[in-house]
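S.K.: work_27.pdb is the file, holding PDB, C-alpha atoms:
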ATOM      1  CA  MET A  17     -57.923  41.446  37.726
ATOM      2  CA  THR A  18     -56.566  44.943  37.355
ATOM      3  CA  LEU A  19     -53.929  46.057  34.842
ATOM      4  CA  LEU A  20     -51.484  46.407  37.736
ATOM      5  CA  SER A  21     -51.882  42.811  38.893
ATOM      6  CA  LEU A  22     -51.563  41.581  35.282
ATOM      7  CA  PHE A  23     -48.328  43.535  35.027
ATOM      8  CA  PHE A  24     -46.928  41.873  38.155
ATOM      9  CA  ILE A  25     -48.046  38.409  36.994
ATOM     10  CA  VAL A  26     -46.289  38.874  33.632
ATOM     11  CA  ALA A  27     -43.219  40.368  35.330
ATOM     12  CA  SER A  28     -42.869  37.419  37.706
ATOM     13  CA  LEU A  29     -43.308  34.977  34.804
ATOM     14  CA  LEU A  30     -40.755  36.676  32.554
ATOM     15  CA  SER A  31     -38.134  37.026  35.296
ATOM     16  CA  PHE A  32     -38.582  33.317  36.056
ATOM     17  CA  VAL A  33     -38.186  32.278  32.406
ATOM     18  CA  GLY A  34     -35.198  34.602  31.950
ATOM     19  CA  ALA A  35     -33.532  33.121  35.028
ATOM     20  CA  GLN A  36     -33.835  29.534  33.697
ATOM     21  CA  ILE A  37     -32.267  30.474  30.351
ATOM     22  CA  VAL A  38     -29.374  32.394  31.951
ATOM     23  CA  LEU A  39     -28.711  29.615  34.498
ATOM     24  CA  LYS A  40     -28.689  26.938  31.806
ATOM     25  CA  ARG A  41     -26.130  29.042  29.931
ATOM     26  CA  ALA A  42     -24.057  29.406  33.099
ATOM     27  CA  MET A  43     -23.997  25.637  33.766
ATOM     28  CA  GLU A  44     -23.174  24.933  30.118
ATOM     29  CA  SER A  45     -20.112  27.162  30.331
ATOM     30  CA  THR A  46     -18.820  25.010  33.213
ATOM     31  CA  THR A  47     -18.913  21.845  31.111
ATOM     32  CA  LYS A  48     -16.855  23.508  28.374
ATOM     33  CA  SER A  49     -14.144  25.192  30.433
ATOM     34  CA  GLY A  50     -14.614  23.417  33.784
ATOM     35  CA  ASP A  51     -13.568  26.639  35.509
ATOM     36  CA  LEU A  52     -16.022  27.920  38.137
ATOM     37  CA  ARG A  53     -14.021  31.132  38.555
ATOM     38  CA  SER A  54     -14.391  32.284  34.968
ATOM     39  CA  LEU A  55     -15.995  35.702  34.596
ATOM     40  CA  ARG A  56     -18.556  34.329  32.136
ATOM     41  CA  PHE A  57     -19.815  31.718  34.610
ATOM     42  CA  ILE A  58     -19.931  34.104  37.597
ATOM     43  CA  SER A  59     -21.743  36.883  35.731
ATOM     44  CA  ARG A  60     -24.347  34.507  34.286
ATOM     45  CA  MET A  61     -24.893  32.791  37.625
ATOM     46  CA  ALA A  62     -25.268  36.172  39.357
ATOM     47  CA  ALA A  63     -27.758  37.401  36.738
ATOM     48  CA  GLY A  64     -29.743  34.154  37.095
ATOM     49  CA  ILE A  65     -29.880  34.438  40.886
ATOM     50  CA  VAL A  66     -30.951  38.098  40.734
ATOM     51  CA  LEU A  67     -33.769  37.223  38.287
ATOM     52  CA  MET A  68     -34.842  34.260  40.471
ATOM     53  CA  THR A  69     -34.954  36.520  43.535
ATOM     54  CA  ILE A  70     -37.040  39.150  41.740
ATOM     55  CA  SER A  71     -39.480  36.487  40.565
ATOM     56  CA  PHE A  72     -39.616  34.982  44.101
ATOM     57  CA  PHE A  73     -40.615  38.209  45.825
ATOM     58  CA  LEU A  74     -43.065  39.204  43.074
ATOM     59  CA  THR A  75     -44.720  35.796  43.512
ATOM     60  CA  LEU A  76     -44.945  36.295  47.295
ATOM     61  CA  GLY A  77     -46.567  39.679  46.730
ATOM     62  CA  LEU A  78     -49.082  38.071  44.358
ATOM     63  CA  LEU A  79     -49.809  35.215  46.797
ATOM     64  CA  GLN A  80     -50.823  37.768  49.418
ATOM     65  CA  ARG A  81     -53.542  39.037  47.084
ATOM     66  CA  PHE A  82     -54.716  36.002  45.141
ATOM     67  CA  ASP A  83     -55.413  32.335  45.753
ATOM     68  CA  LEU A  84     -52.695  29.925  44.718
ATOM     69  CA  SER A  85     -55.236  28.223  42.451
ATOM     70  CA  TYR A  86     -55.804  31.527  40.621
ATOM     71  CA  LEU A  87     -52.089  32.165  40.088
ATOM     72  CA  TYR A  88     -51.187  28.649  39.047
ATOM     73  CA  PRO A  89     -52.538  28.683  35.472
ATOM     74  CA  PHE A  90     -50.094  31.482  34.719
ATOM     75  CA  GLN A  91     -47.212  29.398  36.057
ATOM     76  CA  GLY A  92     -48.417  26.595  33.812
ATOM     77  CA  LEU A  93     -47.710  28.777  30.791
ATOM     78  CA  SER A  94     -44.033  28.808  31.764
ATOM     79  CA  VAL A  95     -43.640  25.299  30.292
ATOM     80  CA  ILE A  96     -44.543  26.493  26.783
ATOM     81  CA  ILE A  97     -42.578  29.740  27.079
ATOM     82  CA  ILE A  98     -39.410  28.021  28.345
ATOM     83  CA  THR A  99     -39.597  25.257  25.726
ATOM     84  CA  ILE A 100     -39.838  27.846  22.941
ATOM     85  CA  MET A 101     -37.149  30.091  24.448
ATOM     86  CA  ALA A 102     -34.756  27.160  24.940
ATOM     87  CA  ALA A 103     -35.204  26.235  21.276
ATOM     88  CA  ILE A 104     -34.662  29.815  20.035
ATOM     89  CA  ILE A 105     -32.006  31.165  22.405
ATOM     90  CA  LEU A 106     -30.185  27.991  23.472
ATOM     91  CA  LYS A 107     -30.636  26.296  20.080
ATOM     92  CA  GLU A 108     -31.880  23.113  21.740
ATOM     93  CA  LYS A 109     -33.488  20.577  19.426
ATOM     94  CA  LEU A 110     -37.257  20.837  19.597
ATOM     95  CA  THR A 111     -39.085  17.778  18.290
ATOM     96  CA  MET A 112     -42.786  17.637  17.509
ATOM     97  CA  GLN A 113     -43.178  15.185  20.397
ATOM     98  CA  LEU A 114     -41.588  17.608  22.884
ATOM     99  CA  THR A 115     -43.800  20.444  21.629
ATOM    100  CA  ILE A 116     -47.017  18.454  21.956
ATOM    101  CA  GLY A 117     -45.902  17.191  25.373
ATOM    102  CA  GLY A 118     -45.234  20.753  26.549
ATOM    103  CA  VAL A 119     -48.602  21.997  25.285
ATOM    104  CA  LEU A 120     -50.437  19.102  26.989
ATOM    105  CA  ILE A 121     -48.634  19.752  30.306
ATOM    106  CA  SER A 122     -49.525  23.459  30.159
ATOM    107  CA  ALA A 123     -53.134  22.727  29.213
ATOM    108  CA  GLY A 124     -53.365  20.176  32.029
ATOM    109  CA  ILE A 125     -51.985  22.613  34.607
ATOM    110  CA  VAL A 126     -54.478  25.276  33.513
ATOM    111  CA  LEU A 127     -57.354  22.777  33.699
ATOM    112  CA  VAL A 128     -56.301  21.577  37.174
ATOM    113  CA  SER A 129     -56.118  25.104  38.532
ATOM    114  CA  LEU A 130     -59.393  26.233  36.946
ATOM    115  CA  SER A 131     -61.442  23.480  38.573
TER     116      SER A 131
ATOM    117  CA  MET B   3     -26.223  14.341  26.454
ATOM    118  CA  ARG B   4     -22.863  13.523  27.936
ATOM    119  CA  ASP B   5     -21.490  10.833  30.200
ATOM    120  CA  ARG B   6     -22.901  11.386  33.627
ATOM    121  CA  PRO B   7     -22.274  10.176  37.147
ATOM    122  CA  SER B   8     -24.439   7.469  38.682
ATOM    123  CA  GLY B   9     -25.690   7.023  42.272
ATOM    124  CA  PHE B  10     -26.473  10.250  44.151
ATOM    125  CA  GLY B  11     -24.867  12.204  41.340
ATOM    126  CA  ASN B  12     -27.391  10.843  38.842
ATOM    127  CA  PRO B  13     -29.060  13.936  37.323
ATOM    128  CA  TRP B  14     -32.455  12.173  37.113
ATOM    129  CA  LEU B  15     -32.317  11.472  40.860
ATOM    130  CA  GLN B  16     -31.382  15.115  41.448
ATOM    131  CA  LEU B  17     -34.385  16.148  39.349
ATOM    132  CA  VAL B  18     -36.643  14.116  41.654
ATOM    133  CA  LEU B  19     -35.008  15.661  44.747
ATOM    134  CA  SER B  20     -35.470  19.136  43.300
ATOM    135  CA  VAL B  21     -39.155  18.487  42.543
ATOM    136  CA  MET B  22     -39.816  17.153  46.070
ATOM    137  CA  CYS B  23     -38.275  20.241  47.689
ATOM    138  CA  VAL B  24     -40.359  22.513  45.450
ATOM    139  CA  LEU B  25     -43.549  20.595  46.348
ATOM    140  CA  VAL B  26     -43.080  21.108  50.103
ATOM    141  CA  SER B  27     -41.860  24.687  49.755
ATOM    142  CA  GLU B  28     -44.926  25.735  47.700
ATOM    143  CA  LEU B  29     -47.248  24.598  50.497
ATOM    144  CA  LEU B  30     -45.118  26.335  53.163
ATOM    145  CA  LEU B  31     -44.981  29.565  51.123
ATOM    146  CA  LYS B  32     -48.733  29.769  50.672
ATOM    147  CA  ARG B  33     -49.317  29.305  54.416
ATOM    148  CA  GLY B  34     -46.564  31.722  55.369
ATOM    149  CA  ALA B  35     -47.691  34.387  52.905
ATOM    150  CA  THR B  36     -51.323  34.107  54.051
ATOM    151  CA  GLU B  37     -50.298  34.430  57.707
ATOM    152  CA  THR B  38     -48.461  37.664  57.077
ATOM    153  CA  ALA B  39     -50.790  39.167  54.448
ATOM    154  CA  ASP B  40     -51.175  42.931  54.791
ATOM    155  CA  PRO B  41     -52.546  44.264  51.479
ATOM    156  CA  ALA B  42     -52.977  47.757  52.949
ATOM    157  CA  SER B  43     -49.217  48.167  53.291
ATOM    158  CA  GLU B  44     -47.497  50.164  50.567
ATOM    159  CA  TRP B  45     -44.669  47.663  50.131
ATOM    160  CA  SER B  46     -46.790  44.515  50.125
ATOM    161  CA  TRP B  47     -46.541  44.071  46.320
ATOM    162  CA  THR B  48     -42.893  43.182  46.874
ATOM    163  CA  GLY B  49     -43.889  40.364  49.259
ATOM    164  CA  ILE B  50     -41.061  41.399  51.580
ATOM    165  CA  ASN B  51     -43.230  41.352  54.731
ATOM    166  CA  SER B  52     -43.736  37.597  54.264
ATOM    167  CA  LEU B  53     -40.243  37.182  55.713
ATOM    168  CA  ALA B  54     -41.849  37.652  59.146
ATOM    169  CA  SER B  55     -43.187  34.096  58.915
ATOM    170  CA  PRO B  56     -40.845  31.230  59.941
ATOM    171  CA  LEU B  57     -42.649  28.993  57.434
ATOM    172  CA  VAL B  58     -41.357  31.227  54.647
ATOM    173  CA  TRP B  59     -37.801  30.769  55.943
ATOM    174  CA  TRP B  60     -38.181  26.970  55.962
ATOM    175  CA  ALA B  61     -39.456  27.260  52.412
ATOM    176  CA  ILE B  62     -36.426  29.375  51.470
ATOM    177  CA  ILE B  63     -34.069  26.660  52.794
ATOM    178  CA  LEU B  64     -35.905  24.048  50.677
ATOM    179  CA  ILE B  65     -35.791  26.358  47.655
ATOM    180  CA  ILE B  66     -32.010  26.729  48.025
ATOM    181  CA  ILE B  67     -31.602  22.924  48.155
ATOM    182  CA  SER B  68     -33.837  22.475  45.117
ATOM    183  CA  PHE B  69     -31.943  25.274  43.346
ATOM    184  CA  ILE B  70     -28.572  23.573  43.834
ATOM    185  CA  SER B  71     -29.833  20.216  42.590
ATOM    186  CA  TRP B  72     -31.608  22.001  39.705
ATOM    187  CA  LEU B  73     -28.309  23.638  38.647
ATOM    188  CA  TYR B  74     -26.791  20.173  38.651
ATOM    189  CA  VAL B  75     -29.661  18.913  36.479
ATOM    190  CA  LEU B  76     -29.146  21.802  34.029
ATOM    191  CA  LYS B  77     -25.554  20.757  33.586
ATOM    192  CA  TYR B  78     -26.580  17.386  32.139
ATOM    193  CA  ILE B  79     -30.144  17.562  30.786
ATOM    194  CA  PRO B  80     -31.466  19.894  28.027
ATOM    195  CA  LEU B  81     -33.885  22.555  29.279
ATOM    196  CA  THR B  82     -36.576  21.475  26.778
ATOM    197  CA  ILE B  83     -36.707  18.115  28.597
ATOM    198  CA  ALA B  84     -35.786  18.966  32.195
ATOM    199  CA  PHE B  85     -38.183  21.890  32.640
ATOM    200  CA  PRO B  86     -41.409  20.212  31.405
ATOM    201  CA  LEU B  87     -40.557  17.173  33.562
ATOM    202  CA  SER B  88     -40.023  19.390  36.609
ATOM    203  CA  ARG B  89     -43.654  20.531  36.276
ATOM    204  CA  VAL B  90     -44.781  17.107  37.509
ATOM    205  CA  VAL B  91     -44.998  19.088  40.757
ATOM    206  CA  ASP B  92     -48.155  20.742  39.391
ATOM    207  CA  ILE B  93     -50.036  17.464  39.613
ATOM    208  CA  LEU B  94     -48.267  16.282  42.781
ATOM    209  CA  VAL B  95     -49.724  19.218  44.732
ATOM    210  CA  PRO B  96     -53.415  18.447  44.024
ATOM    211  CA  LEU B  97     -52.715  14.705  44.330
ATOM    212  CA  SER B  98     -51.094  15.124  47.758
ATOM    213  CA  CYS B  99     -54.076  17.228  48.836
ATOM    214  CA  TRP B 100     -56.336  14.382  47.724
ATOM    215  CA  ILE B 101     -54.342  11.618  49.424
ATOM    216  CA  LEU B 102     -53.158  13.397  52.574
ATOM    217  CA  LEU B 103     -55.967  15.863  53.233
ATOM    218  CA  GLY B 104     -58.902  13.952  51.812
ATOM    219  CA  GLU B 105     -59.849  16.829  49.516
ATOM    220  CA  VAL B 106     -62.249  16.076  46.662
ATOM    221  CA  ILE B 107     -60.892  16.206  43.099
ATOM    222  CA  SER B 108     -63.505  17.174  40.501
ATOM    223  CA  VAL B 109     -63.887  15.461  37.110
ATOM    224  CA  ARG B 110     -62.409  18.497  35.372
ATOM    225  CA  ARG B 111     -59.383  18.401  37.665
ATOM    226  CA  TRP B 112     -58.853  14.671  36.991
ATOM    227  CA  CYS B 113     -58.941  15.506  33.244
ATOM    228  CA  GLY B 114     -56.270  18.148  33.787
ATOM    229  CA  ILE B 115     -54.111  15.704  35.743
ATOM    230  CA  GLY B 116     -54.573  13.168  32.923
ATOM    231  CA  LEU B 117     -53.439  15.725  30.309
ATOM    232  CA  VAL B 118     -50.302  16.503  32.318
ATOM    233  CA  VAL B 119     -49.484  12.798  32.669
ATOM    234  CA  VAL B 120     -49.842  12.257  28.900
ATOM    235  CA  GLY B 121     -47.705  15.355  28.248
ATOM    236  CA  LEU B 122     -45.031  14.152  30.678
ATOM    237  CA  ALA B 123     -44.997  10.754  29.008
ATOM    238  CA  LEU B 124     -44.452  12.400  25.600
ATOM    239  CA  VAL B 125     -41.589  14.511  26.945
ATOM    240  CA  ALA B 126     -40.037  11.589  28.822
ATOM    241  CA  LYS B 127     -40.213   9.106  25.922
ATOM    242  CA  PRO B 128     -37.212  10.441  23.952
ATOM    243  CA  ILE B 129     -35.149  10.083  27.160
ATOM    244  CA  ALA B 130     -35.597   6.327  27.182
ATOM    245  CA  ARG B 131     -34.132   6.244  23.682
ATOM    246  CA  ILE B 132     -31.222   8.513  24.608
ATOM    247  CA  GLU B 133     -30.446   6.399  27.679
ATOM    248  CA  GLU B 134     -30.468   3.230  25.581
ATOM    249  CA  ARG B 135     -27.799   4.597  23.292
ATOM    250  CA  LEU B 136     -25.423   5.283  26.192
TER     251      LEU B 136
END
Take the structure from the file and write it as structure tokens.
M.R.:
Amino acid sequence: MTLLSLFFIVASLLSFVGAQIVLKRAMESTTKSGDLRSLRFISRMAAGIVLMTISFFLTLGLLQRFDLSYLYPFQGLSVIIITIMAAIILKEKLTMQLTIGGVLISAGIVLVSLS
Amino acid sequence: MRDRPSGFGNPWLQLVLSVMCVLVSELLLKRGATETADPASEWSWTGINSLASPLVWWAIILIIISFISWLYVLKYIPLTIAFPLSRVVDILVPLSCWILLGEVISVRRWCGIGLVVVGLALVAKPIARIEERL
């Protein structure tokens, strides 16, 4: 793996995680105000979709070069990263059980893709 | 968690729908991307030339459906619960290869699948308690 491919793997992962956080924020603002035309909702939704699109095309570019089974362990890490980010940025309650569950899921995904 | 609709509007059902669409789209994307692979091209890191494959377009339609139901899920379920659960797709892919394609799953891979199942159970357990309170 070259430094360049590592860069693209990390970039696709971070844009994916960022998109989930922004989209969750966007959908939360609809439950508070109920207004789908509010500037806050539209801007967050747009940012989320842009990030999703970036991550989608970066993933396609990576799939052309590597096997899916090689790329999958990195996607597995997204469970841990999103769980931590949701706790920090979205202030969601993170129990010990959720943390252990997230770590086990990530570890399992890595193990499945390594074999 | 708040009051939520039942039936087709049930967020847990939408989570399942979203996961199923992702499962099929992943397989379509890999095939489509492989068909159109052209690593020599300058722009291939962007993956844009994969759009030449119809399989990729089918996958995009499925991704849009899964995206809409995922947004609906986000409205009702915390991300710390919904996202780990959505990764059940990571064991459904190898399992569907085993069942549908007759591929062999190694001991190490079964261990990985086992870990994911235990992890999913841990994440899903608090939900049962939350649902009981409602």
S.K.: List the spatial neighbours of Val95 in chain A as a list in words - criterion: any atom at most 10 Å away, only C-alpha atoms, same-chain residues fewer than 5 positions off excluded.
M.R.: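 Result of the neighbour search: Val33, Phe90, Ile100, Met101, Thr115, Gly117, Gly118, Val119, Leu120, Ile121, Ser122, Ala123 and Ile125 of chain A; Thr82, Phe85, Pro86, Leu87, Ser88 and Arg89 of chain B.
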S.K.: Contacts between chain B and chain A, please, where a residue of chain A counts if it comes within 6 Å (with only C-alpha atoms); show its shortest atom pair and distance in Å to one decimal, rows by chain and ascending number, as a tab-separated table.
M.R.:
residue	atom	partner	partner_atom	distance
A:Lys40	CA	B:Leu76	CA	5.6
A:Met43	CA	B:Lys77	CA	5.1
A:Glu44	CA	B:Lys77	CA	5.9
A:Phe73	CA	B:Gly49	CA	5.2
A:Leu74	CA	B:Thr48	CA	5.5
A:Leu76	CA	B:Gly49	CA	4.6
A:Gly77	CA	B:Gly49	CA	3.7
A:Gln80	CA	B:Ala39	CA	5.2
A:Val95	CA	B:Pro86	CA	5.7
A:Thr99	CA	B:Thr82	CA	5.0
A:Leu114	CA	B:Val125	CA	5.1
A:Gly117	CA	B:Gly121	CA	3.9
A:Leu120	CA	B:Gly121	CA	4.8
A:Ile121	CA	B:Val118	CA	4.2
A:Gly124	CA	B:Gly114	CA	4.0
A:Leu127	CA	B:Gly114	CA	4.8
A:Val128	CA	B:Arg111	CA	4.5
A:Ser131	CA	B:Arg111	CA	5.6
S.K.: Around all listed atoms of range 67-76 of chain B, padded 4 Å per side, what centre and edge lengths does the axis-aligned box have in Å to one decimal, as lines of an AutoDock Vina configuration file?
M.R.:
center_x = -30.3
center_y = 22.1
center_z = 41.1
size_x = 15.0
size_y = 14.4
size_z = 22.1
S.K.: To verify the selection step, state as a PyMOL selection string which residues the PyMOL selection byres ((chain A and resi 31) around 9) yields on this input.
M.R.: chain A and resi 26-30+32-36+67-71
S.K.: Dump C-alpha atoms for the selected residues as a short mmCIF file (atom, residue, chain, number, x, y, z; two decimals), in the frame of the given file?
M.R.:
data_model
loop_
_atom_site.label_atom_id
_atom_site.label_comp_id
_atom_site.auth_asym_id
_atom_site.auth_seq_id
_atom_site.Cartn_x
_atom_site.Cartn_y
_atom_site.Cartn_z
CA VAL A 26 -46.29 38.87 33.63
CA ALA A 27 -43.22 40.37 35.33
CA SER A 28 -42.87 37.42 37.71
CA LEU A 29 -43.31 34.98 34.80
CA LEU A 30 -40.76 36.68 32.55
CA PHE A 32 -38.58 33.32 36.06
CA VAL A 33 -38.19 32.28 32.41
CA GLY A 34 -35.20 34.60 31.95
CA ALA A 35 -33.53 33.12 35.03
CA GLN A 36 -33.84 29.53 33.70
CA LEU A 67 -33.77 37.22 38.29
CA MET A 68 -34.84 34.26 40.47
CA THR A 69 -34.95 36.52 43.54
CA ILE A 70 -37.04 39.15 41.74
CA SER A 71 -39.48 36.49 40.56
#
S.K.: Here's the selection I'm unsure about, the PyMOL selection byres ((chain A and resi 45) around 12); applied to the file above, which residues does it give, as a VMD selection string?
M.R.: (chain A and resid 38 to 44 46 to 61) or (chain B and resid 76 to 78)
S.K.: Kindly give the distance, in Å, that separates CA of Ser68 in chain B and CA of Leu78 in chain A, rounded to a single decimal.
M.R.: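 Interatomic distance here is 21.8 Å.
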